[in-house]
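K.L.:
Following this message is one structure expressed as structure tokens.
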Amino acid sequence: MSDDQRNTDQGFQGRIGKTLAESFPHWPTPVRAPQGAPNVVMILLDDLGFSDFGCFGGDIDTPNIDALAAQGLRFSRYTTVPMCTPARAALLTGKNPHSVGCGWLTHSDPGYPGYKGEMSLDAPTMAELLRLRGYSTMAAGKWHNVYDRNNVPGGDTSAWPVQRGFERFYGFQAAETSYFQPENMMEGNQPAQAGVYPPDYFAPDDYTQRSLDWITEHRAGSPDKPFFLYLAYQTPHAPLQAKPEDILKYRGRYDAGWDQVRQARFERQRATGLLEPNAQFCERNAGIPAWDELTPEMRALHARYMEVYAALVDNVDQNIGKLVAHLKQLGQLDNTILMITSDNGANAVGGPGGVMNLQGQRVGKGDDDALNQRLLKEDRIGAQDTYVAYPAGWTQVSNTPYRLYKRTTMNGGIRVPFVLHWPEGVAESDRGAVRPQWIHVTDVLPTVMEACGAELPAQFNGYRTRALDGVSFGAMLRDAQSPTRRNQQYYELAANRGFISGDWKIVSLQPPQKTIDLDNWMLFDLANDPVEQHDLARQHPEVLQRLIAAFERQADANYVYPLDNRTEVRSMGVPPHEIERMLLPRECHRAGQALPGMVITPLVADRSYRIHASFNWTRGDEGMVFSLGDRFSGLALFVEDGALHCVYQWWFNPKALPPVPLSEGPQRFTFDYEATGDRRGRASLVLNGSHVTDAVELSPTLLRLTGGLSVGLSRRLAVVERLEARGEFRYTGTIERVRVEPGALPARTSLVQNEAELQARMRAAATAS
């Protein structure tokens, strides 16, 4: 190798001779953040409405968030995207979500550019950009920006948090999980939890403590380096689960009902200048009954649902208080840009009556009123074995003063609170002010970049980067009179469309699963009707057509089309090339973590299947041979008192098959399930070649599992309630393997897993009509 070659390798600018005396060293200057660059803490809540914080008119106790608002700024006209995955993509990339492949959730890939479920690699995230500027980067909590089929062991990890710029990650990558027994928690790229969480565990507390630990370690190790913390709480997304002591704090607070509570929130908002002076109080959304029309039993139940919701928000405020106190103790609070907001408006998935078991509703099981009243009397609502979604009446309260909810492009879906605290960036005379200027979720990234001295590189990840869609609102932090730099924005979610241009807004809402009406636009004058009560489409057809044309230009530029108004059933479809791999038989062993629900569900969802278990039993051995799913739906095989027990679990309705006495030695067990159609099925049990149970009716079929498959122990929430006290209940003998073999779908099934076939059916139906 010549001297010239040695000198140019890897950017080396010195000289390499035969000896040190003949050589000249070179040390490249490391990338360092600007002197005094602020830390950045982005706190993102999940499904929280505009009015849920005290400082936005709410009645929930949020003293820590309110204190930040009192010493910072509240943005009262912040808009977001009406669903979690797209909103997170917009926040982290500063790009419109469809343009980076995140137009819907991560649960499907219908084969179109705007709906891949993962952020495009040519759109650097906030973490990636700040890392380039010399920041340490950390993320805790919910991610939900990984396509589901990649959120499995051996999946493509390119969209996982660590690969998208975060040096540390602790949390979960899916849409939702239990607050008490979360599934598939990750530490970086590795599973973080093997068994059952302790009785005092609560996920938001865990995320907070992990963040405090990271910040402490960072300050000790690199005191001259700023950090970026993305703290994405799942709060208050379903399932509504909260600590008993927090729920008790709100006992009786919502007995007056949603009509009175919403009116009171509205009056507080108006009195504190959060609303435009001409904002009117809306009537109840369609389908919501008057509180006084409910029976006493229903009022008691619905009030408790809201108590659980309030307890969750209260808990997150407590955790934010811990974080703020820690930053203050470390001397970092004044130079930290701390932002708090929600990914979208509050969620009405519970419907008019709310649900005690949302998982059951999703797979076609209605609520049991008698059971609900029993759980109310036993004070179990909000516990780990309930999966609550509160009634839409309370959702409208959360979204006060706006109409409708998450998933819609009405203001109830896109208007959420935004609090910013930065003592060194906000003038003391301005603290506590309300900024009425319009800002959008994509504007957060350019604002942070401006404050931190970061720039968008020309190329990233081997791709040419595209310009940001957001614009900085940094000038508004210093000048109350600074005008908004935003004049228009499109919105779309599940075929619900919207477009704002100045004071005008158009909205097109599409009922799920119905034929899409491309022409059913409404027109609102936001200057005179900020709560969108009066449709002016007929009075101003020229304005309507102008905004429609503008929407179409934006839709074409951002890959919004094709519109898809299917329900979450679309999450069951996968690209054709994934079908064969998805349905491969799986062999599981005691080593390692549970086989995730994402992997095991397709093998047993409304189809025939066999589960084989090979294990050894000697007298005195006991424990879980395998556990599939959890308390909400699942299957457990365990040994107790010298017998083999099999329980087919549906929430509070377990079906225990007769115990089978065991003889010492190797055991070969088969659970042979036959799906017969219409969500019904039967099972036969075979032990050592002999049928011990034949054709027992076990209905409905499994469809959507919130837990995975564990071998030799019970993880998270035990399938069998009476075994919960035994914790992991590890099997004391040896287990060779557990094998799952999928069979055929029945003739009468609504489950179609081939996305190409699903779309072909839709095209045929459209042609026929």
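So you can find residues: chains in the structure tokens are A, B, ... in the order shown, residues in each start at 1, and ligands are numbered from 1 in order.
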Mind checking DSSP for stretch 310-488 of chain A and telling me the strand (DSSP E or B) residues as a PyMOL selection string?
P.N.:
chain A and resi 336-342+355+357+387-389+415+418-421+433-440+459-460+463-464+488
K.L.:
From stretch 458-578 of chain A, collect each residue whose DSSP state is helix (DSSP H, G or I) and return the set as number ranges by chain.
P.N.:
A: 474-478, 541-557, 568-572, 576-578
K.L.:
Restricting the output to C-alpha atoms, write the selected residues as an mmCIF file, in the first residue's frame.
P.N.:
data_model
loop_
_atom_site.group_PDB
_atom_site.id
_atom_site.type_symbol
_atom_site.label_atom_id
_atom_site.label_comp_id
_atom_site.auth_asym_id
_atom_site.auth_seq_id
_atom_site.Cartn_x
_atom_site.Cartn_y
_atom_site.Cartn_z
ATOM 1 C CA GLY A 474 -40.470 28.945 17.017
ATOM 2 C CA ALA A 475 -41.212 32.654 16.531
ATOM 3 C CA MET A 476 -44.470 32.206 18.473
ATOM 4 C CA LEU A 477 -42.506 31.177 21.556
ATOM 5 C CA ARG A 478 -40.954 34.617 21.697
ATOM 6 C CA PRO A 541 -70.661 26.100 -3.461
ATOM 7 C CA GLU A 542 -67.753 28.033 -4.960
ATOM 8 C CA VAL A 543 -65.772 27.828 -1.698
ATOM 9 C CA LEU A 544 -66.596 24.140 -1.419
ATOM 10 C CA GLN A 545 -65.333 23.371 -4.923
ATOM 11 C CA ARG A 546 -62.149 25.389 -4.376
ATOM 12 C CA LEU A 547 -61.307 23.431 -1.230
ATOM 13 C CA ILE A 548 -62.191 20.086 -2.821
ATOM 14 C CA ALA A 549 -59.798 20.845 -5.671
ATOM 15 C CA ALA A 550 -57.092 21.779 -3.171
ATOM 16 C CA PHE A 551 -57.693 18.570 -1.230
ATOM 17 C CA GLU A 552 -57.388 16.516 -4.408
ATOM 18 C CA ARG A 553 -54.032 18.098 -5.213
ATOM 19 C CA GLN A 554 -52.755 17.306 -1.729
ATOM 20 C CA ALA A 555 -54.200 13.782 -1.816
ATOM 21 C CA ASP A 556 -52.447 13.028 -5.094
ATOM 22 C CA ALA A 557 -49.148 14.469 -3.873
ATOM 23 C CA GLU A 568 -60.284 -3.305 11.704
ATOM 24 C CA VAL A 569 -61.169 -6.521 9.858
ATOM 25 C CA ARG A 570 -58.696 -5.250 7.283
ATOM 26 C CA SER A 571 -55.956 -6.064 9.791
ATOM 27 C CA MET A 572 -56.604 -9.784 9.221
ATOM 28 C CA PRO A 576 -50.283 -13.051 -0.777
ATOM 29 C CA HIS A 577 -46.550 -13.698 -0.481
ATOM 30 C CA GLU A 578 -46.873 -13.786 3.326
#
K.L.:
For stretch 434-445 of chain A, please output as a PDB file with N, CA and C atoms, in the first residue's frame all residues within 8 Å (counting only C-alpha atoms; exclusion window: fewer than 5 positions along the same chain).
P.N.:
ATOM      1  N   LEU A  73     -46.492  27.690  27.758  1.00  0.00           N
ATOM      2  CA  LEU A  73     -47.502  28.127  26.802  1.00  0.00           C
ATOM      3  C   LEU A  73     -48.488  26.998  26.531  1.00  0.00           C
ATOM      4  N   ARG A  74     -49.730  27.371  26.308  1.00  0.00           N
ATOM      5  CA  ARG A  74     -50.744  26.449  25.810  1.00  0.00           C
ATOM      6  C   ARG A  74     -51.110  26.856  24.383  1.00  0.00           C
ATOM      7  N   PHE A  75     -51.073  25.920  23.473  1.00  0.00           N
ATOM      8  CA  PHE A  75     -51.504  26.172  22.095  1.00  0.00           C
ATOM      9  C   PHE A  75     -52.911  25.611  21.951  1.00  0.00           C
ATOM     10  N   SER A  76     -53.868  26.502  21.764  1.00  0.00           N
ATOM     11  CA  SER A  76     -55.275  26.097  21.768  1.00  0.00           C
ATOM     12  C   SER A  76     -55.779  25.697  20.389  1.00  0.00           C
ATOM     13  N   ARG A  77     -54.960  25.907  19.350  1.00  0.00           N
ATOM     14  CA  ARG A  77     -55.403  25.542  18.004  1.00  0.00           C
ATOM     15  C   ARG A  77     -54.373  24.613  17.351  1.00  0.00           C
ATOM     16  N   TYR A  78     -53.977  23.638  18.105  1.00  0.00           N
ATOM     17  CA  TYR A  78     -53.070  22.603  17.602  1.00  0.00           C
ATOM     18  C   TYR A  78     -53.905  21.492  16.980  1.00  0.00           C
ATOM     19  N   THR A  79     -53.555  21.089  15.784  1.00  0.00           N
ATOM     20  CA  THR A  79     -54.269  19.977  15.148  1.00  0.00           C
ATOM     21  C   THR A  79     -53.306  18.817  14.915  1.00  0.00           C
ATOM     22  N   THR A  80     -53.880  17.629  14.919  1.00  0.00           N
ATOM     23  CA  THR A  80     -53.101  16.415  14.715  1.00  0.00           C
ATOM     24  C   THR A  80     -53.817  15.540  13.701  1.00  0.00           C
ATOM     25  N   VAL A  81     -53.398  14.305  13.630  1.00  0.00           N
ATOM     26  CA  VAL A  81     -53.990  13.323  12.716  1.00  0.00           C
ATOM     27  C   VAL A  81     -54.881  12.408  13.549  1.00  0.00           C
ATOM     28  N   ALA A  87     -50.327   9.733  13.298  1.00  0.00           N
ATOM     29  CA  ALA A  87     -49.949  10.900  14.091  1.00  0.00           C
ATOM     30  C   ALA A  87     -48.503  10.797  14.560  1.00  0.00           C
ATOM     31  N   ALA A  90     -46.199  11.512  11.654  1.00  0.00           N
ATOM     32  CA  ALA A  90     -46.160  12.942  11.349  1.00  0.00           C
ATOM     33  C   ALA A  90     -45.327  13.701  12.376  1.00  0.00           C
ATOM     34  N   LEU A  91     -45.481  13.347  13.638  1.00  0.00           N
ATOM     35  CA  LEU A  91     -44.737  14.012  14.709  1.00  0.00           C
ATOM     36  C   LEU A  91     -43.241  13.774  14.570  1.00  0.00           C
ATOM     37  N   LEU A  92     -42.858  12.533  14.308  1.00  0.00           N
ATOM     38  CA  LEU A  92     -41.440  12.172  14.299  1.00  0.00           C
ATOM     39  C   LEU A  92     -40.721  12.564  13.023  1.00  0.00           C
ATOM     40  N   THR A  93     -41.448  12.673  11.898  1.00  0.00           N
ATOM     41  CA  THR A  93     -40.782  12.969  10.622  1.00  0.00           C
ATOM     42  C   THR A  93     -41.043  14.374  10.109  1.00  0.00           C
ATOM     43  N   GLY A  94     -42.057  15.073  10.639  1.00  0.00           N
ATOM     44  CA  GLY A  94     -42.415  16.371  10.081  1.00  0.00           C
ATOM     45  C   GLY A  94     -43.024  16.270   8.708  1.00  0.00           C
ATOM     46  N   LYS A  95     -43.450  15.064   8.332  1.00  0.00           N
ATOM     47  CA  LYS A  95     -44.045  14.818   7.011  1.00  0.00           C
ATOM     48  C   LYS A  95     -45.500  14.389   7.173  1.00  0.00           C
ATOM     49  N   ASN A  96     -46.309  14.678   6.153  1.00  0.00           N
ATOM     50  CA  ASN A  96     -47.661  14.154   6.146  1.00  0.00           C
ATOM     51  C   ASN A  96     -47.599  12.630   6.158  1.00  0.00           C
ATOM     52  N   MET A 126     -37.092  12.487  14.167  1.00  0.00           N
ATOM     53  CA  MET A 126     -36.557  13.471  15.092  1.00  0.00           C
ATOM     54  C   MET A 126     -35.321  12.923  15.797  1.00  0.00           C
ATOM     55  N   GLY A 273     -60.212  31.685  28.284  1.00  0.00           N
ATOM     56  CA  GLY A 273     -59.718  32.133  26.997  1.00  0.00           C
ATOM     57  C   GLY A 273     -59.212  31.040  26.081  1.00  0.00           C
ATOM     58  N   LEU A 274     -59.574  29.791  26.352  1.00  0.00           N
ATOM     59  CA  LEU A 274     -59.139  28.693  25.489  1.00  0.00           C
ATOM     60  C   LEU A 274     -59.968  28.589  24.214  1.00  0.00           C
ATOM     61  N   ASP A 469     -42.921  18.788   5.495  1.00  0.00           N
ATOM     62  CA  ASP A 469     -44.241  19.385   5.279  1.00  0.00           C
ATOM     63  C   ASP A 469     -44.578  20.393   6.367  1.00  0.00           C
ATOM     64  N   GLY A 470     -43.926  20.282   7.522  1.00  0.00           N
ATOM     65  CA  GLY A 470     -44.183  21.196   8.624  1.00  0.00           C
ATOM     66  C   GLY A 470     -43.355  22.463   8.520  1.00  0.00           C
ATOM     67  N   VAL A 471     -43.772  23.476   9.279  1.00  0.00           N
ATOM     68  CA  VAL A 471     -43.041  24.739   9.351  1.00  0.00           C
ATOM     69  C   VAL A 471     -42.860  25.096  10.825  1.00  0.00           C
ATOM     70  N   SER A 472     -41.745  25.707  11.150  1.00  0.00           N
ATOM     71  CA  SER A 472     -41.445  26.024  12.545  1.00  0.00           C
ATOM     72  C   SER A 472     -42.404  27.077  13.091  1.00  0.00           C
ATOM     73  N   PHE A 473     -42.805  26.880  14.347  1.00  0.00           N
ATOM     74  CA  PHE A 473     -43.560  27.912  15.057  1.00  0.00           C
ATOM     75  C   PHE A 473     -42.699  28.526  16.171  1.00  0.00           C
ATOM     76  N   MET A 476     -43.342  32.020  17.562  1.00  0.00           N
ATOM     77  CA  MET A 476     -44.470  32.206  18.473  1.00  0.00           C
ATOM     78  C   MET A 476     -44.060  32.038  19.928  1.00  0.00           C
ATOM     79  N   ALA A 480     -45.923  36.880  20.964  1.00  0.00           N
ATOM     80  CA  ALA A 480     -47.341  36.512  20.979  1.00  0.00           C
ATOM     81  C   ALA A 480     -48.060  36.944  19.716  1.00  0.00           C
ATOM     82  N   PRO A 483     -47.566  35.762  13.496  1.00  0.00           N
ATOM     83  CA  PRO A 483     -48.680  35.107  12.790  1.00  0.00           C
ATOM     84  C   PRO A 483     -48.380  33.644  12.515  1.00  0.00           C
ATOM     85  N   THR A 484     -49.444  32.871  12.351  1.00  0.00           N
ATOM     86  CA  THR A 484     -49.248  31.476  11.969  1.00  0.00           C
ATOM     87  C   THR A 484     -48.630  31.409  10.584  1.00  0.00           C
ATOM     88  N   ARG A 486     -48.923  28.706   8.852  1.00  0.00           N
ATOM     89  CA  ARG A 486     -49.672  27.622   8.202  1.00  0.00           C
ATOM     90  C   ARG A 486     -51.014  28.158   7.712  1.00  0.00           C
TER      91      ARG A 486
END
K.L.:
As a list in words, please: the residues near A:Ala300 (cut-off 9 Å, only C-alpha atoms, same-chain neighbours under 5 positions excluded).
P.N.:
Asp255, Thr295, Tyr305 and Leu376 of chain A
K.L.:
With a cut-off of 9 Å, could you pull out the residues of stretch 37-82 of chain A touching stretch 221-234 of chain A and give me the nearest pair of atoms for each, distance in Å to one decimal, using only C-alpha atoms, ordered by chain and ascending number, as a Markdown table?
P.N.:
| residue | atom | partner | partner_atom | distance |
| --- | --- | --- | --- | --- |
| A:Ala37 | CA | A:Pro226 | CA | 6.6 |
| A:Pro38 | CA | A:Pro226 | CA | 6.4 |
| A:Asn39 | CA | A:Pro226 | CA | 5.0 |
| A:Val40 | CA | A:Phe228 | CA | 4.7 |
| A:Val41 | CA | A:Leu229 | CA | 4.7 |
| A:Met42 | CA | A:Tyr230 | CA | 4.9 |
| A:Ile43 | CA | A:Leu231 | CA | 4.8 |
| A:Leu44 | CA | A:Ala232 | CA | 4.6 |
| A:Leu45 | CA | A:Tyr233 | CA | 5.3 |
| A:Asp46 | CA | A:Gln234 | CA | 5.4 |
| A:Asp47 | CA | A:Gln234 | CA | 8.5 |
K.L.:
Would you mind exporting the chosen residues as a JSON list (two decimals), in the first residue's frame, restricted to all heavy atoms?
P.N.:
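Contents of selection01.json, freshly written:
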[["chain", "number", "residue", "atom", "x", "y", "z"],
["A", 37, "ALA", "N", -27.17, 23.98, 23.76],
["A", 37, "ALA", "CA", -28.32, 23.43, 23.04],
["A", 37, "ALA", "C", -29.29, 22.79, 24.03],
["A", 37, "ALA", "O", -28.87, 22.11, 24.97],
["A", 37, "ALA", "CB", -27.87, 22.39, 22.02],
["A", 38, "PRO", "N", -30.58, 23.01, 23.87],
["A", 38, "PRO", "CA", -31.54, 22.52, 24.87],
["A", 38, "PRO", "C", -31.77, 21.02, 24.76],
["A", 38, "PRO", "O", -31.64, 20.42, 23.68],
["A", 38, "PRO", "CB", -32.82, 23.27, 24.51],
["A", 38, "PRO", "CG", -32.71, 23.52, 23.04],
["A", 38, "PRO", "CD", -31.24, 23.76, 22.79],
["A", 39, "ASN", "N", -32.08, 20.40, 25.89],
["A", 39, "ASN", "CA", -32.63, 19.05, 25.86],
["A", 39, "ASN", "C", -34.04, 19.13, 25.28],
["A", 39, "ASN", "O", -34.69, 20.18, 25.31],
["A", 39, "ASN", "CB", -32.70, 18.47, 27.27],
["A", 39, "ASN", "CG", -31.38, 18.52, 27.99],
["A", 39, "ASN", "OD1", -30.35, 18.08, 27.47],
["A", 39, "ASN", "ND2", -31.39, 19.07, 29.20],
["A", 40, "VAL", "N", -34.51, 18.00, 24.80],
["A", 40, "VAL", "CA", -35.87, 17.93, 24.25],
["A", 40, "VAL", "C", -36.59, 16.75, 24.88],
["A", 40, "VAL", "O", -36.08, 15.62, 24.85],
["A", 40, "VAL", "CB", -35.87, 17.77, 22.71],
["A", 40, "VAL", "CG1", -37.30, 17.67, 22.19],
["A", 40, "VAL", "CG2", -35.13, 18.94, 22.05],
["A", 41, "VAL", "N", -37.74, 17.00, 25.48],
["A", 41, "VAL", "CA", -38.58, 15.94, 26.03],
["A", 41, "VAL", "C", -39.94, 16.04, 25.35],
["A", 41, "VAL", "O", -40.64, 17.04, 25.51],
["A", 41, "VAL", "CB", -38.72, 16.05, 27.56],
["A", 41, "VAL", "CG1", -39.71, 15.00, 28.07],
["A", 41, "VAL", "CG2", -37.37, 15.88, 28.23],
["A", 42, "MET", "N", -40.27, 15.04, 24.59],
["A", 42, "MET", "CA", -41.58, 14.98, 23.92],
["A", 42, "MET", "C", -42.43, 13.94, 24.63],
["A", 42, "MET", "O", -42.14, 12.74, 24.59],
["A", 42, "MET", "CB", -41.38, 14.57, 22.46],
["A", 42, "MET", "CG", -42.67, 14.54, 21.63],
["A", 42, "MET", "SD", -43.27, 16.18, 21.21],
["A", 42, "MET", "CE", -44.86, 16.18, 22.04],
["A", 43, "ILE", "N", -43.48, 14.39, 25.33],
["A", 43, "ILE", "CA", -44.39, 13.49, 26.03],
["A", 43, "ILE", "C", -45.66, 13.36, 25.20],
["A", 43, "ILE", "O", -46.38, 14.35, 24.99],
["A", 43, "ILE", "CB", -44.71, 14.01, 27.44],
["A", 43, "ILE", "CG1", -43.43, 14.09, 28.28],
["A", 43, "ILE", "CG2", -45.74, 13.10, 28.13],
["A", 43, "ILE", "CD1", -43.63, 14.68, 29.66],
["A", 44, "LEU", "N", -45.92, 12.18, 24.73],
["A", 44, "LEU", "CA", -47.07, 11.93, 23.87],
["A", 44, "LEU", "C", -48.05, 11.02, 24.59],
["A", 44, "LEU", "O", -47.70, 9.91, 24.98],
["A", 44, "LEU", "CB", -46.63, 11.29, 22.55],
["A", 44, "LEU", "CG", -47.73, 11.08, 21.52],
["A", 44, "LEU", "CD1", -48.30, 12.42, 21.03],
["A", 44, "LEU", "CD2", -47.21, 10.27, 20.33],
["A", 45, "LEU", "N", -49.28, 11.50, 24.76],
["A", 45, "LEU", "CA", -50.33, 10.67, 25.33],
["A", 45, "LEU", "C", -51.14, 10.06, 24.20],
["A", 45, "LEU", "O", -50.97, 10.41, 23.03],
["A", 45, "LEU", "CB", -51.21, 11.48, 26.28],
["A", 45, "LEU", "CG", -50.64, 11.61, 27.70],
["A", 45, "LEU", "CD1", -49.39, 12.47, 27.74],
["A", 45, "LEU", "CD2", -51.67, 12.21, 28.65],
["A", 46, "ASP", "N", -52.05, 9.16, 24.55],
["A", 46, "ASP", "CA", -52.70, 8.32, 23.54],
["A", 46, "ASP", "C", -54.21, 8.36, 23.74],
["A", 46, "ASP", "O", -54.72, 7.87, 24.74],
["A", 46, "ASP", "CB", -52.18, 6.89, 23.70],
["A", 46, "ASP", "CG", -52.44, 6.02, 22.49],
["A", 46, "ASP", "OD1", -53.31, 6.37, 21.69],
["A", 46, "ASP", "OD2", -51.76, 4.99, 22.36],
["A", 47, "ASP", "N", -54.93, 8.95, 22.79],
["A", 47, "ASP", "CA", -56.40, 9.03, 22.84],
["A", 47, "ASP", "C", -56.91, 9.97, 23.93],
["A", 47, "ASP", "O", -57.97, 9.73, 24.51],
["A", 47, "ASP", "CB", -57.03, 7.64, 23.03],
["A", 47, "ASP", "CG", -56.90, 6.74, 21.82],
["A", 47, "ASP", "OD1", -56.27, 7.16, 20.84],
["A", 47, "ASP", "OD2", -57.43, 5.63, 21.85]]
K.L.:
If you count only C-alpha atoms, which residues fall within 7 Å of A:Gly72, apart from same-chain ones fewer than 4 positions away, as number ranges by chain?
P.N.:
A: 68, 420-422, 426, 431-432
K.L.:
Just to confirm, what's the straight-line distance from atom CA of A:Thr177 to atom CA of A:Leu745 in Å (one decimal)?
P.N.:
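Between these atoms lies a distance of 28.1 Å.
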K.L.:
Which residue out of A:Thr137, A:Phe281, A:Ala370, A:Ile215 has the minimum interatomic distance to A:Gly331 when only C-alpha atoms are used?
P.N.:
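The shortest atom-to-atom distance to A:Gly331 comes from A:Ile215.
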K.L.:
Find the spatial neighbours of stretch 707-723 of chain A, counting only C-alpha atoms, within a cut-off of 8 Å - ignore same-chain residues fewer than 3 positions away - and output them as a PyMOL selection string.
P.N.:
chain A and resi 181-183+194-197+384-385+588-590+593-600+623-636+647+649+654+726-731+735+737-738
